[in-house]
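J.: Below is one structure. I have some questions about it.
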Amino acid sequence: MYHVNNYLHWRPRRAVFNALLPPPLRSWLDTPGSMTARIRANCRECFQVRVLAEGWRRPRVDEARRLRLPLQQEAWVRIVTLNCGETPWILGRTVMPQASLRGGRGLLRRLGARALGAVLFTGREVERSEFELRRLQAADPLLPDRRLVEPAVVPQLWARRSVLSVAGAPILVTEVFLPELEYGAAYRQSLV
């Protein structure tokens with residue numbers, strides 16, 4: 001069953017005033033390249049990818065619409081955290097349509113603990129759509145593991161998404177910026 005909710009409404013980055021965005025997050029939200037590379041550059045500890053879930057499933061309505069997929073069509077959905085040591089900085093959700101996994105791109109289903117960005121942004125031509133942003137709400141479907149964030153903090157979190165085009169094949173990448181980026185070591189390191 002599909003529910004279309006107002007809080008699932010994404011806005012183009014250019015339509016979101018900077019004054020609405022927490023100052024520590026602005027540069028993270030506007031990072032043009034690989035978020036993996038940015039975290040690695042800021043993380044003094046070991047960078048890690050923790051896979052929370054992956055497999056064939058139906059994308060959410062807003063994802064299917066963004067990728068122009070029929071609502072009942074399954075895609076490869078991968079949910080991970082990008083961590084600095086044991087601390088999650090980003091929750092990533094990737095939706096890869098079946099057609100986007102043909103040929104050599106089928107390897108993207110077997111990334112394991114490798115970051116998608118580390119694979120896609122290495123010498124391949126990757127085009128990215130404009131970023132879309134939204135603020136999360138309590139019980140937000142973008143947070144599958146409620147243990148990642150205290151419930152009172154969820155409405156303060158922001159997410160961005162864009163469609164990466166790899167040789168013309170679309171892949172939807174959504175990144176939720178977890179509290180560590182706004183208030184913790186990631187923020188302090190971004191000031192250096």
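Quick note on naming: the chains in the structure tokens go A, B, ... in the order shown, residues restart at 1 in each chain, and ligands are numbered from 1 in order of appearance.
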Fewer than 6 positions away in the same chain doesn't count, so skip those; otherwise give me all residues within 7 Å of Gly117 of chain A, counting only C-alpha atoms, as a count of residues only.
T.: 3
J.: Which residues come within 10 Å of Gln73 of chain A, counting only C-alpha atoms, excluding same-chain residues fewer than 2 positions away, as a list in words?
T.: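 So the residues in contact are Trp56, Arg57, Arg58, Pro59, Ala64, Leu69, Pro70, Leu71, Ala75, Pro97 and Gln98 of chain A.
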J.: Tell me, as a JSON list (two decimals) with N, CA and C atoms, in the first residue's frame, which residues lie within 6 Å of Asn83 of chain A, counting only C-alpha atoms; anything in the same chain fewer than 6 positions away does not count.
T.:
```
[["chain", "number", "residue", "atom", "x", "y", "z"],
["A", 47, "PHE", "N", 37.10, 4.98, 8.00],
["A", 47, "PHE", "CA", 35.82, 5.09, 7.30],
["A", 47, "PHE", "C", 35.23, 3.70, 7.12],
["A", 48, "GLN", "N", 33.94, 3.56, 7.37],
["A", 48, "GLN", "CA", 33.28, 2.27, 7.24],
["A", 48, "GLN", "C", 31.91, 2.44, 6.58],
["A", 89, "TRP", "N", 27.52, 8.92, 10.18],
["A", 89, "TRP", "CA", 27.41, 10.32, 9.79],
["A", 89, "TRP", "C", 26.30, 10.51, 8.75]]
```
J.: Would you return as a PyMOL selection string the members of segment 37-190 of chain A that DSSP assigns to helix (DSSP H, G or I) on this structure's backbone?
T.: chain A and resi 37-42+61-67+98-101+103-110+116-120+146-148+154-156+179-183+185-190
J.: Looking only at the backbone, which of the residues in chain A does DSSP tag as strand (DSSP E or B), as a ChimeraX atom specification?
T.: /A:11-12,47-57,75-84,87-97,126-128,132-135,158-166,169-177
J.: Leaving out Thr94 of chain A and any residue of its chain fewer than 6 positions from it, which residues lie within 8 Å of it when counting only C-alpha atoms, given as an mmCIF file with N, CA and C atoms, in the first residue's frame?
T.:
```cif
data_model
loop_
_atom_site.group_PDB
_atom_site.id
_atom_site.type_symbol
_atom_site.label_atom_id
_atom_site.label_comp_id
_atom_site.auth_asym_id
_atom_site.auth_seq_id
_atom_site.Cartn_x
_atom_site.Cartn_y
_atom_site.Cartn_z
ATOM 1 N N TRP A 76 16.525 -2.600 -7.132
ATOM 2 C CA TRP A 76 17.491 -3.002 -6.112
ATOM 3 C C TRP A 76 17.628 -1.819 -5.157
ATOM 4 N N VAL A 77 17.258 -2.029 -3.894
ATOM 5 C CA VAL A 77 17.306 -0.972 -2.890
ATOM 6 C C VAL A 77 18.385 -1.336 -1.873
ATOM 7 N N ARG A 78 19.263 -0.388 -1.630
ATOM 8 C CA ARG A 78 20.378 -0.604 -0.697
ATOM 9 C C ARG A 78 20.354 0.504 0.338
ATOM 10 N N ILE A 79 20.382 0.119 1.614
ATOM 11 C CA ILE A 79 20.371 1.087 2.707
ATOM 12 C C ILE A 79 21.635 0.859 3.534
ATOM 13 N N ILE A 171 20.256 6.137 -11.299
ATOM 14 C CA ILE A 171 20.341 5.564 -9.954
ATOM 15 C C ILE A 171 19.988 6.689 -8.989
ATOM 16 N N LEU A 172 18.986 6.479 -8.154
ATOM 17 C CA LEU A 172 18.559 7.491 -7.191
ATOM 18 C C LEU A 172 19.329 7.304 -5.890
ATOM 19 N N VAL A 173 20.015 8.362 -5.463
ATOM 20 C CA VAL A 173 20.793 8.319 -4.231
ATOM 21 C C VAL A 173 20.229 9.343 -3.258
ATOM 22 N N THR A 174 19.836 8.870 -2.085
ATOM 23 C CA THR A 174 19.323 9.726 -1.022
ATOM 24 C C THR A 174 20.276 9.633 0.162
#
```
J.: Counting only C-alpha atoms, figure out which residue out of A:Ala167, A:Val176, A:Leu107, A:Ala19 gets nearest to Asp140 of chain A.
T.: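 Result for the nearest residue to Asp140 of chain A: A:Val176.
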